[in-house]
>>> print(open('protein-v7.pdb').read())   # PDB, C-alpha atoms
ATOM      1  CA  GLY A   1       6.341  10.372 -49.542
ATOM      2  CA  ASN A   2       5.793   8.108 -52.499
ATOM      3  CA  SER A   3       5.293   9.711 -55.897
ATOM      4  CA  VAL A   4       4.795   8.935 -59.574
ATOM      5  CA  THR A   5       6.089  11.003 -62.474
ATOM      6  CA  GLN A   6       4.869  10.372 -65.976
ATOM      7  CA  MET A   7       5.622  12.132 -69.210
ATOM      8  CA  GLU A   8       3.659  15.240 -69.964
ATOM      9  CA  GLY A   9       1.217  15.077 -72.798
ATOM     10  CA  PRO A  10      -0.566  15.379 -74.938
ATOM     11  CA  VAL A  11       0.808  12.700 -77.241
ATOM     12  CA  THR A  12      -0.490  12.547 -80.806
ATOM     13  CA  LEU A  13       0.292   9.572 -83.033
ATOM     14  CA  SER A  14      -0.848   8.133 -86.320
ATOM     15  CA  GLU A  15      -2.546   4.744 -86.407
ATOM     16  CA  GLU A  16      -0.079   1.813 -86.278
ATOM     17  CA  ALA A  17       2.673   3.951 -84.714
ATOM     18  CA  PHE A  18       4.719   2.722 -81.734
ATOM     19  CA  LEU A  19       3.756   4.122 -78.348
ATOM     20  CA  THR A  20       5.872   4.727 -75.261
ATOM     21  CA  ILE A  21       4.636   6.618 -72.223
ATOM     22  CA  ASN A  22       7.345   6.999 -69.597
ATOM     23  CA  CYS A  23       6.646   6.505 -65.912
ATOM     24  CA  THR A  24       9.086   6.637 -63.009
ATOM     25  CA  TYR A  25       8.359   6.334 -59.319
ATOM     26  CA  THR A  26       9.785   7.109 -55.910
ATOM     27  CA  ALA A  27       8.787   4.751 -53.136
ATOM     28  CA  THR A  28       9.918   3.097 -49.950
ATOM     29  CA  GLY A  29       9.743  -0.656 -50.248
ATOM     30  CA  TYR A  30       8.470  -2.445 -53.313
ATOM     31  CA  PRO A  31       5.010  -1.298 -54.281
ATOM     32  CA  SER A  32       2.774  -2.819 -56.917
ATOM     33  CA  LEU A  33       2.653  -0.754 -60.107
ATOM     34  CA  PHE A  34      -0.305  -0.096 -62.382
ATOM     35  CA  TRP A  35      -1.421   1.536 -65.566
ATOM     36  CA  TYR A  36      -5.003   2.771 -65.653
ATOM     37  CA  VAL A  37      -6.808   4.122 -68.713
ATOM     38  CA  GLN A  38      -9.666   6.623 -68.862
ATOM     39  CA  TYR A  39     -11.706   6.747 -72.055
ATOM     40  CA  PRO A  40     -13.751   9.891 -72.747
ATOM     41  CA  GLY A  41     -16.768  10.193 -70.460
ATOM     42  CA  GLU A  42     -15.788   7.232 -68.314
ATOM     43  CA  GLY A  43     -14.011   6.453 -65.057
ATOM     44  CA  LEU A  44     -10.565   4.898 -64.808
ATOM     45  CA  GLN A  45     -10.140   1.214 -65.524
ATOM     46  CA  LEU A  46      -7.185  -1.035 -64.881
ATOM     47  CA  LEU A  47      -5.115  -1.670 -67.995
ATOM     48  CA  LEU A  48      -2.293  -3.766 -66.530
ATOM     49  CA  LYS A  49      -0.277  -4.321 -63.378
ATOM     50  CA  ALA A  50       2.958  -5.763 -62.033
ATOM     51  CA  THR A  51       3.508  -6.750 -58.437
ATOM     52  CA  LYS A  52       7.260  -7.335 -58.219
ATOM     53  CA  ALA A  53      10.531  -6.470 -59.900
ATOM     54  CA  ASP A  54      10.991  -7.792 -63.447
ATOM     55  CA  ASP A  55       7.303  -8.666 -63.750
ATOM     56  CA  LYS A  56       5.748  -7.741 -67.082
ATOM     57  CA  GLY A  57       2.128  -6.690 -67.152
ATOM     58  CA  SER A  58       0.285  -6.953 -70.454
ATOM     59  CA  ASN A  59      -3.212  -6.426 -71.795
ATOM     60  CA  LYS A  60      -4.808  -5.455 -75.146
ATOM     61  CA  GLY A  61      -1.360  -5.246 -76.781
ATOM     62  CA  PHE A  62       0.009  -2.914 -74.101
ATOM     63  CA  GLU A  63       3.007  -3.943 -71.994
ATOM     64  CA  ALA A  64       4.997  -2.536 -69.086
ATOM     65  CA  THR A  65       7.898  -4.048 -67.140
ATOM     66  CA  TYR A  66       8.611  -3.330 -63.482
ATOM     67  CA  ARG A  67      12.235  -2.123 -63.443
ATOM     68  CA  LYS A  68      13.555  -1.780 -59.899
ATOM     69  CA  GLU A  69      17.023  -0.601 -60.945
ATOM     70  CA  THR A  70      15.634   2.375 -62.870
ATOM     71  CA  THR A  71      12.427   2.727 -60.771
ATOM     72  CA  SER A  72      10.434   2.756 -63.981
ATOM     73  CA  PHE A  73       7.266   1.226 -65.427
ATOM     74  CA  HIS A  74       7.056   2.517 -68.995
ATOM     75  CA  LEU A  75       3.962   1.715 -71.044
ATOM     76  CA  GLU A  76       4.468   0.457 -74.619
ATOM     77  CA  LYS A  77       2.352  -0.692 -77.523
ATOM     78  CA  GLY A  78       3.711  -1.740 -80.870
ATOM     79  CA  SER A  79       0.864  -0.518 -83.059
ATOM     80  CA  VAL A  80      -1.742   1.909 -81.713
ATOM     81  CA  GLN A  81      -5.311   2.175 -82.949
ATOM     82  CA  VAL A  82      -7.750   5.078 -83.002
ATOM     83  CA  SER A  83      -9.661   3.306 -80.226
ATOM     84  CA  ASP A  84      -6.623   3.654 -77.921
ATOM     85  CA  SER A  85      -7.225   7.400 -77.688
ATOM     86  CA  ALA A  86      -7.621   8.042 -73.961
ATOM     87  CA  VAL A  87      -5.837   9.351 -70.883
ATOM     88  CA  TYR A  88      -3.313   6.952 -69.335
ATOM     89  CA  PHE A  89      -2.393   7.043 -65.635
ATOM     90  CA  CYS A  90       0.587   5.366 -63.997
ATOM     91  CA  ALA A  91       0.092   4.485 -60.315
ATOM     92  CA  LEU A  92       1.698   2.722 -57.376
ATOM     93  CA  SER A  93       0.144   1.138 -54.314
ATOM     94  CA  GLU A  94       0.831   2.145 -50.750
ATOM     95  CA  VAL A  95      -0.666   1.660 -47.331
ATOM     96  CA  GLY A  96      -2.299   4.784 -45.961
ATOM     97  CA  GLN A  97      -3.575   5.830 -42.588
ATOM     98  CA  GLY A  98      -5.419   3.157 -40.697
ATOM     99  CA  GLY A  99      -3.953   0.438 -42.889
ATOM    100  CA  SER A 100      -6.058   1.287 -45.942
ATOM    101  CA  GLU A 101      -4.705   0.493 -49.367
ATOM    102  CA  LYS A 102      -4.211   3.568 -51.538
ATOM    103  CA  LEU A 103      -3.004   4.361 -55.014
ATOM    104  CA  VAL A 104      -0.671   7.228 -55.824
ATOM    105  CA  PHE A 105      -1.355   8.416 -59.379
ATOM    106  CA  GLY A 106       0.700  10.289 -61.906
ATOM    107  CA  LYS A 107      -0.842  13.324 -63.594
ATOM    108  CA  GLY A 108      -2.015  11.380 -66.632
ATOM    109  CA  THR A 109      -0.965  11.470 -70.286
ATOM    110  CA  LYS A 110      -3.537  12.170 -72.961
ATOM    111  CA  LEU A 111      -3.061  10.087 -76.111
ATOM    112  CA  THR A 112      -4.754  10.922 -79.400
ATOM    113  CA  VAL A 113      -4.425   8.506 -82.317
ATOM    114  CA  ASN A 114      -5.323   9.800 -85.748
ATOM    115  CA  PRO A 115      -6.440   7.547 -88.621
TER     116      PRO A 115
ATOM    117  CA  GLU B   1     -19.030  -2.170 -66.699
ATOM    118  CA  THR B   2     -16.770  -2.144 -63.645
ATOM    119  CA  GLY B   3     -19.364  -3.080 -61.048
ATOM    120  CA  VAL B   4     -19.271   0.377 -59.452
ATOM    121  CA  THR B   5     -22.301   2.566 -60.189
ATOM    122  CA  GLN B   6     -22.446   6.294 -59.558
ATOM    123  CA  THR B   7     -25.542   8.474 -59.658
ATOM    124  CA  PRO B   8     -26.334  10.974 -60.914
ATOM    125  CA  ARG B   9     -24.003  11.137 -63.920
ATOM    126  CA  HIS B  10     -24.435  14.903 -64.205
ATOM    127  CA  LEU B  11     -25.420  17.477 -61.598
ATOM    128  CA  VAL B  12     -25.815  21.235 -61.760
ATOM    129  CA  MET B  13     -26.288  23.029 -58.474
ATOM    130  CA  GLY B  14     -26.273  26.529 -57.088
ATOM    131  CA  MET B  15     -23.980  27.558 -54.278
ATOM    132  CA  THR B  16     -26.806  27.472 -51.725
ATOM    133  CA  ASN B  17     -28.137  24.026 -52.702
ATOM    134  CA  LYS B  18     -27.688  20.746 -50.861
ATOM    135  CA  LYS B  19     -27.255  17.617 -52.937
ATOM    136  CA  SER B  20     -25.809  14.122 -52.558
ATOM    137  CA  LEU B  21     -23.763  11.879 -54.802
ATOM    138  CA  LYS B  22     -24.272   8.142 -54.546
ATOM    139  CA  CYS B  23     -21.915   5.259 -55.188
ATOM    140  CA  GLU B  24     -22.837   1.584 -55.093
ATOM    141  CA  GLN B  25     -20.766  -1.560 -55.534
ATOM    142  CA  HIS B  26     -21.747  -5.198 -55.301
ATOM    143  CA  LEU B  27     -18.269  -6.597 -55.750
ATOM    144  CA  GLY B  28     -17.882  -7.541 -52.107
ATOM    145  CA  HIS B  29     -15.093  -5.016 -51.621
ATOM    146  CA  ASN B  30     -14.451  -3.546 -48.188
ATOM    147  CA  ALA B  31     -12.646  -0.359 -49.150
ATOM    148  CA  MET B  32     -14.260   2.606 -50.920
ATOM    149  CA  TYR B  33     -12.871   5.929 -52.075
ATOM    150  CA  TRP B  34     -13.913   9.378 -53.271
ATOM    151  CA  TYR B  35     -11.690  11.226 -55.752
ATOM    152  CA  LYS B  36     -11.936  14.652 -57.349
ATOM    153  CA  GLN B  37     -10.761  15.050 -60.943
ATOM    154  CA  SER B  38     -10.396  18.629 -62.180
ATOM    155  CA  ALA B  39      -9.192  19.747 -65.573
ATOM    156  CA  LYS B  40      -5.403  20.126 -65.769
ATOM    157  CA  LYS B  41      -4.894  18.893 -62.180
ATOM    158  CA  PRO B  42      -3.837  15.490 -60.847
ATOM    159  CA  LEU B  43      -6.424  13.098 -59.487
ATOM    160  CA  GLU B  44      -7.081  14.075 -55.856
ATOM    161  CA  LEU B  45      -7.941  11.462 -53.249
ATOM    162  CA  MET B  46     -10.580  12.906 -50.914
ATOM    163  CA  PHE B  47     -11.722  10.171 -48.548
ATOM    164  CA  VAL B  48     -11.036   6.507 -47.828
ATOM    165  CA  TYR B  49     -13.389   4.109 -46.069
ATOM    166  CA  ASN B  50     -12.420   0.649 -44.885
ATOM    167  CA  PHE B  51     -15.118  -1.664 -43.488
ATOM    168  CA  LYS B  52     -17.462   1.378 -43.253
ATOM    169  CA  GLU B  53     -14.985   3.365 -41.162
ATOM    170  CA  GLN B  54     -13.358   6.509 -42.492
ATOM    171  CA  THR B  55      -9.610   5.981 -42.460
ATOM    172  CA  GLU B  56      -8.467   8.970 -44.440
ATOM    173  CA  ASN B  57      -9.601  12.548 -45.024
ATOM    174  CA  ASN B  58      -7.158  14.489 -47.154
ATOM    175  CA  SER B  59      -7.887  17.941 -45.748
ATOM    176  CA  VAL B  60     -11.187  18.131 -47.584
ATOM    177  CA  PRO B  61     -13.336  21.209 -46.774
ATOM    178  CA  SER B  62     -16.288  20.522 -44.504
ATOM    179  CA  ARG B  63     -18.752  21.438 -47.265
ATOM    180  CA  PHE B  64     -18.066  17.884 -48.490
ATOM    181  CA  SER B  65     -19.459  15.319 -46.060
ATOM    182  CA  PRO B  66     -19.063  11.595 -46.800
ATOM    183  CA  GLU B  67     -21.235   8.828 -45.456
ATOM    184  CA  CYS B  68     -20.747   5.075 -45.649
ATOM    185  CA  PRO B  69     -23.774   3.261 -44.206
ATOM    186  CA  ASN B  70     -22.523  -0.164 -45.302
ATOM    187  CA  SER B  71     -19.709  -1.666 -47.347
ATOM    188  CA  SER B  72     -21.721  -1.475 -50.570
ATOM    189  CA  HIS B  73     -22.766   2.174 -50.483
ATOM    190  CA  LEU B  74     -20.920   5.456 -50.253
ATOM    191  CA  PHE B  75     -22.402   8.945 -50.363
ATOM    192  CA  LEU B  76     -20.923  12.396 -50.706
ATOM    193  CA  HIS B  77     -23.178  15.097 -49.289
ATOM    194  CA  LEU B  78     -22.623  18.544 -50.738
ATOM    195  CA  HIS B  79     -23.641  21.924 -49.325
ATOM    196  CA  THR B  80     -22.710  25.556 -49.935
ATOM    197  CA  LEU B  81     -20.243  24.599 -52.629
ATOM    198  CA  GLN B  82     -18.060  27.036 -54.536
ATOM    199  CA  PRO B  83     -17.614  27.314 -58.314
ATOM    200  CA  GLU B  84     -14.101  25.867 -57.966
ATOM    201  CA  ASP B  85     -15.685  22.661 -56.706
ATOM    202  CA  SER B  86     -16.920  21.978 -60.233
ATOM    203  CA  ALA B  87     -15.221  18.742 -61.299
ATOM    204  CA  LEU B  88     -15.694  15.063 -62.023
ATOM    205  CA  TYR B  89     -16.174  13.141 -58.779
ATOM    206  CA  LEU B  90     -15.107   9.532 -58.980
ATOM    207  CA  CYS B  91     -15.899   6.705 -56.619
ATOM    208  CA  ALA B  92     -13.855   3.526 -56.415
ATOM    209  CA  SER B  93     -13.818   0.291 -54.465
ATOM    210  CA  SER B  94     -10.879  -2.020 -54.045
ATOM    211  CA  GLN B  95      -9.674  -5.487 -53.313
ATOM    212  CA  ALA B  96      -6.045  -6.670 -53.361
ATOM    213  CA  HIS B  97      -4.573  -3.322 -54.469
ATOM    214  CA  ILE B  98      -6.773  -3.062 -57.560
ATOM    215  CA  GLN B  99      -9.267  -0.222 -57.620
ATOM    216  CA  TYR B 100     -12.478  -0.353 -59.643
ATOM    217  CA  PHE B 101     -13.906   3.011 -60.615
ATOM    218  CA  GLY B 102     -17.362   4.236 -61.379
ATOM    219  CA  ALA B 103     -18.009   6.473 -64.375
ATOM    220  CA  GLY B 104     -18.184   9.535 -62.162
ATOM    221  CA  THR B 105     -20.554  12.411 -61.499
ATOM    222  CA  ARG B 106     -19.867  15.558 -63.499
ATOM    223  CA  LEU B 107     -20.668  18.414 -61.082
ATOM    224  CA  SER B 108     -21.148  22.014 -62.108
ATOM    225  CA  VAL B 109     -21.540  24.642 -59.397
ATOM    226  CA  LEU B 110     -23.084  27.894 -60.566
TER     227      LEU B 110
END
>>> encode(input="protein-v7.pdb", output="structure tokens")
Amino acid sequence: GNSVTQMEGPVTLSEEAFLTINCTYTATGYPSLFWYVQYPGEGLQLLLKATKADDKGSNKGFEATYRKETTSFHLEKGSVQVSDSAVYFCALSEVGQGGSEKLVFGKGTKLTVNP
Amino acid sequence: ETGVTQTPRHLVMGMTNKKSLKCEQHLGHNAMYWYKQSAKKPLELMFVYNFKEQTENNSVPSRFSPECPNSSHLFLHLHTLQPEDSALYLCASSQAHIQYFGAGTRLSVL
């Protein structure tokens, strides 16, 4: 079945450092790819997405490019802030039983940014 | 604010209690989901509903009983739970591959 593998955390950075969180996937076909973020005490919220190969998703200074040749969707940010401290989930879309849309999530990577 | 509201936010229950979690969305979405999020474990999809019909049950124990009376509301009825059921229970709704999550119910089973 389809799966998502993302780098193990936790990741600890100083403010203004460069961030990369690696994500690779295994899938049949060409799924849409997503990064979700979960701030403390909250549910997951969509950070960015890409629906086809070579698409770049971007939001709040974060970027990720859908790379079909390496089956990857790495998350990057040039200069992190304390407020970016959260858990980041990589995910892909698939069609489940009965035709329902589903997301397959990675295990999540906890990011802590220190001032 | 994602448009998906879960109540209660926190719940403590004994193993012999019966309680229900509620999820409500007014986004006009037709698909709704229950997830379980435990510490140090991946997010687990429990149930999927599409147009009020259950389309997926990922081998969830029968002590968890979902109900979807209409496309805007989803319930998770709980009875005779075990301590290992303590977790954050997340509800989501979706349209066009994007899922919108509630803030979750933090459940503690004593």
>>> resolve_selection(input="protein-v7.pdb", expression="the PyMOL selection byres ((chain A) within 8 of (chain B))", output="mmCIF file with C-alpha atoms, in the coordinates of the input")
data_model
loop_
_atom_site.group_PDB
_atom_site.id
_atom_site.type_symbol
_atom_site.label_atom_id
_atom_site.label_comp_id
_atom_site.auth_asym_id
_atom_site.auth_seq_id
_atom_site.Cartn_x
_atom_site.Cartn_y
_atom_site.Cartn_z
ATOM 1 C CA SER A 32 2.774 -2.819 -56.917
ATOM 2 C CA GLY A 41 -16.768 10.193 -70.460
ATOM 3 C CA GLU A 42 -15.788 7.232 -68.314
ATOM 4 C CA GLY A 43 -14.011 6.453 -65.057
ATOM 5 C CA LEU A 44 -10.565 4.898 -64.808
ATOM 6 C CA GLN A 45 -10.140 1.214 -65.524
ATOM 7 C CA LEU A 46 -7.185 -1.035 -64.881
ATOM 8 C CA SER A 93 0.144 1.138 -54.314
ATOM 9 C CA GLY A 96 -2.299 4.784 -45.961
ATOM 10 C CA GLN A 97 -3.575 5.830 -42.588
ATOM 11 C CA GLY A 98 -5.419 3.157 -40.697
ATOM 12 C CA GLY A 99 -3.953 0.438 -42.889
ATOM 13 C CA SER A 100 -6.058 1.287 -45.942
ATOM 14 C CA GLU A 101 -4.705 0.493 -49.367
ATOM 15 C CA LYS A 102 -4.211 3.568 -51.538
ATOM 16 C CA LEU A 103 -3.004 4.361 -55.014
ATOM 17 C CA PHE A 105 -1.355 8.416 -59.379
ATOM 18 C CA GLY A 106 0.700 10.289 -61.906
ATOM 19 C CA LYS A 107 -0.842 13.324 -63.594
ATOM 20 C CA GLY A 108 -2.015 11.380 -66.632
#
>>> resolve_selection(input="protein-v7.pdb", expression="the PyMOL selection byres ((chain A and resi 86-89) around 10)", output="PyMOL selection string")
(chain A and resi 4-6+9-11+21+23+34-40+42+44-47+75+82-85+90-91+104-113) or (chain B and resi 42-43)
>>> write_last_selection(input="protein-v7.pdb", atoms="C-alpha atoms", output="CSV table (one decimal), keeping the file's coordinate frame")
chain,number,residue,atom,x,y,z
A,4,VAL,CA,4.8,8.9,-59.6
A,5,THR,CA,6.1,11.0,-62.5
A,6,GLN,CA,4.9,10.4,-66.0
A,9,GLY,CA,1.2,15.1,-72.8
A,10,PRO,CA,-0.6,15.4,-74.9
A,11,VAL,CA,0.8,12.7,-77.2
A,21,ILE,CA,4.6,6.6,-72.2
A,23,CYS,CA,6.6,6.5,-65.9
A,34,PHE,CA,-0.3,-0.1,-62.4
A,35,TRP,CA,-1.4,1.5,-65.6
A,36,TYR,CA,-5.0,2.8,-65.7
A,37,VAL,CA,-6.8,4.1,-68.7
A,38,GLN,CA,-9.7,6.6,-68.9
A,39,TYR,CA,-11.7,6.7,-72.1
A,40,PRO,CA,-13.8,9.9,-72.7
A,42,GLU,CA,-15.8,7.2,-68.3
A,44,LEU,CA,-10.6,4.9,-64.8
A,45,GLN,CA,-10.1,1.2,-65.5
A,46,LEU,CA,-7.2,-1.0,-64.9
A,47,LEU,CA,-5.1,-1.7,-68.0
A,75,LEU,CA,4.0,1.7,-71.0
A,82,VAL,CA,-7.8,5.1,-83.0
A,83,SER,CA,-9.7,3.3,-80.2
A,84,ASP,CA,-6.6,3.7,-77.9
A,85,SER,CA,-7.2,7.4,-77.7
A,90,CYS,CA,0.6,5.4,-64.0
A,91,ALA,CA,0.1,4.5,-60.3
A,104,VAL,CA,-0.7,7.2,-55.8
A,105,PHE,CA,-1.4,8.4,-59.4
A,106,GLY,CA,0.7,10.3,-61.9
A,107,LYS,CA,-0.8,13.3,-63.6
A,108,GLY,CA,-2.0,11.4,-66.6
A,109,THR,CA,-1.0,11.5,-70.3
A,110,LYS,CA,-3.5,12.2,-73.0
A,111,LEU,CA,-3.1,10.1,-76.1
A,112,THR,CA,-4.8,10.9,-79.4
A,113,VAL,CA,-4.4,8.5,-82.3
B,42,PRO,CA,-3.8,15.5,-60.8
B,43,LEU,CA,-6.4,13.1,-59.5
>>> closest_residue(input="protein-v7.pdb", among="B:Ser71, B:Ser108, B:Ser93, B:Met46", to="Ser59 in chain B", atoms="all atoms listed in the file")
B:Met46
>>> resolve_selection(input="protein-v7.pdb", expression="the PyMOL selection byres ((chain B and resi 15) around 9)", output="ChimeraX atom specification")
/B:13-14,16-18,79-83,109-110
>>> residues_around(input="protein-v7.pdb", residues="Thr70 in chain A", least_positions_apart="4", cutoff="10 Å", atoms="all atoms listed in the file", output="PDB file with C-alpha atoms, in the coordinates of the input")
ATOM      1  CA  THR A  24       9.086   6.637 -63.009  1.00  0.00           C
ATOM      2  CA  TYR A  25       8.359   6.334 -59.319  1.00  0.00           C
ATOM      3  CA  TYR A  66       8.611  -3.330 -63.482  1.00  0.00           C
TER       4      TYR A  66
END
>>> decode(input="protein-v7.pdb", residues="range 37-47 of chain A", atoms="all heavy atoms", output="mmCIF file, in the first residue's frame")
data_model
loop_
_atom_site.group_PDB
_atom_site.id
_atom_site.type_symbol
_atom_site.label_atom_id
_atom_site.label_comp_id
_atom_site.auth_asym_id
_atom_site.auth_seq_id
_atom_site.Cartn_x
_atom_site.Cartn_y
_atom_site.Cartn_z
ATOM 1 N N VAL A 37 0.535 21.009 9.694
ATOM 2 C CA VAL A 37 1.243 21.428 10.898
ATOM 3 C C VAL A 37 0.275 21.366 12.087
ATOM 4 O O VAL A 37 -0.922 21.651 11.944
ATOM 5 C CB VAL A 37 1.825 22.854 10.735
ATOM 6 C CG1 VAL A 37 0.747 23.884 10.418
ATOM 7 C CG2 VAL A 37 2.621 23.279 11.960
ATOM 8 N N GLN A 38 0.809 20.936 13.215
ATOM 9 C CA GLN A 38 0.002 20.854 14.444
ATOM 10 C C GLN A 38 0.705 21.653 15.536
ATOM 11 O O GLN A 38 1.759 21.243 16.034
ATOM 12 C CB GLN A 38 -0.181 19.404 14.879
ATOM 13 C CG GLN A 38 -1.110 19.238 16.069
ATOM 14 C CD GLN A 38 -1.328 17.783 16.444
ATOM 15 O OE1 GLN A 38 -0.480 16.922 16.212
ATOM 16 N NE2 GLN A 38 -2.480 17.478 17.021
ATOM 17 N N TYR A 39 0.108 22.795 15.886
ATOM 18 C CA TYR A 39 0.641 23.601 16.979
ATOM 19 C C TYR A 39 0.163 23.010 18.304
ATOM 20 O O TYR A 39 -0.862 22.322 18.350
ATOM 21 C CB TYR A 39 0.199 25.056 16.836
ATOM 22 C CG TYR A 39 0.721 25.703 15.576
ATOM 23 C CD1 TYR A 39 -0.114 25.900 14.472
ATOM 24 C CD2 TYR A 39 2.051 26.081 15.467
ATOM 25 C CE1 TYR A 39 0.365 26.472 13.304
ATOM 26 C CE2 TYR A 39 2.538 26.652 14.298
ATOM 27 C CZ TYR A 39 1.686 26.836 13.229
ATOM 28 O OH TYR A 39 2.163 27.391 12.072
ATOM 29 N N PRO A 40 0.879 23.269 19.381
ATOM 30 C CA PRO A 40 0.508 22.684 20.678
ATOM 31 C C PRO A 40 -0.952 22.937 21.040
ATOM 32 O O PRO A 40 -1.447 24.056 20.936
ATOM 33 C CB PRO A 40 1.469 23.386 21.649
ATOM 34 C CG PRO A 40 2.652 23.733 20.815
ATOM 35 C CD PRO A 40 2.106 24.081 19.459
ATOM 36 N N GLY A 41 -1.645 21.870 21.437
ATOM 37 C CA GLY A 41 -3.028 21.996 21.877
ATOM 38 C C GLY A 41 -4.041 22.166 20.767
ATOM 39 O O GLY A 41 -5.214 22.452 21.045
ATOM 40 N N GLU A 42 -3.615 21.988 19.529
ATOM 41 C CA GLU A 42 -4.541 22.189 18.411
ATOM 42 C C GLU A 42 -4.589 20.956 17.506
ATOM 43 O O GLU A 42 -3.797 20.020 17.654
ATOM 44 C CB GLU A 42 -4.102 23.405 17.584
ATOM 45 C CG GLU A 42 -4.106 24.702 18.365
ATOM 46 C CD GLU A 42 -3.731 25.883 17.494
ATOM 47 O OE1 GLU A 42 -3.729 25.768 16.255
ATOM 48 O OE2 GLU A 42 -3.435 26.949 18.079
ATOM 49 N N GLY A 43 -5.545 20.964 16.577
ATOM 50 C CA GLY A 43 -5.591 19.923 15.558
ATOM 51 C C GLY A 43 -4.622 20.246 14.427
ATOM 52 O O GLY A 43 -3.900 21.245 14.470
ATOM 53 N N LEU A 44 -4.607 19.383 13.422
ATOM 54 C CA LEU A 44 -3.731 19.602 12.273
ATOM 55 C C LEU A 44 -4.356 20.658 11.360
ATOM 56 O O LEU A 44 -5.580 20.738 11.221
ATOM 57 C CB LEU A 44 -3.557 18.309 11.475
ATOM 58 C CG LEU A 44 -2.577 17.271 12.012
ATOM 59 C CD1 LEU A 44 -3.092 16.604 13.265
ATOM 60 C CD2 LEU A 44 -2.284 16.224 10.943
ATOM 61 N N GLN A 45 -3.504 21.436 10.718
ATOM 62 C CA GLN A 45 -3.996 22.372 9.719
ATOM 63 C C GLN A 45 -3.085 22.316 8.501
ATOM 64 O O GLN A 45 -1.874 22.098 8.612
ATOM 65 C CB GLN A 45 -4.102 23.800 10.265
ATOM 66 C CG GLN A 45 -2.861 24.360 10.880
ATOM 67 C CD GLN A 45 -3.114 25.721 11.519
ATOM 68 O OE1 GLN A 45 -3.054 26.725 10.838
ATOM 69 N NE2 GLN A 45 -3.379 25.750 12.814
ATOM 70 N N LEU A 46 -3.682 22.496 7.343
ATOM 71 C CA LEU A 46 -2.934 22.416 6.103
ATOM 72 C C LEU A 46 -1.925 23.549 6.026
ATOM 73 O O LEU A 46 -2.259 24.717 6.221
ATOM 74 C CB LEU A 46 -3.887 22.502 4.904
ATOM 75 C CG LEU A 46 -3.225 22.454 3.531
ATOM 76 C CD1 LEU A 46 -2.601 21.087 3.284
ATOM 77 C CD2 LEU A 46 -4.243 22.775 2.440
ATOM 78 N N LEU A 47 -0.671 23.200 5.733
ATOM 79 C CA LEU A 47 0.369 24.201 5.562
ATOM 80 C C LEU A 47 0.566 24.506 4.068
ATOM 81 O O LEU A 47 0.583 25.661 3.660
ATOM 82 C CB LEU A 47 1.681 23.711 6.171
ATOM 83 C CG LEU A 47 2.890 24.626 6.071
ATOM 84 C CD1 LEU A 47 2.635 25.953 6.772
ATOM 85 C CD2 LEU A 47 4.128 23.951 6.648
#
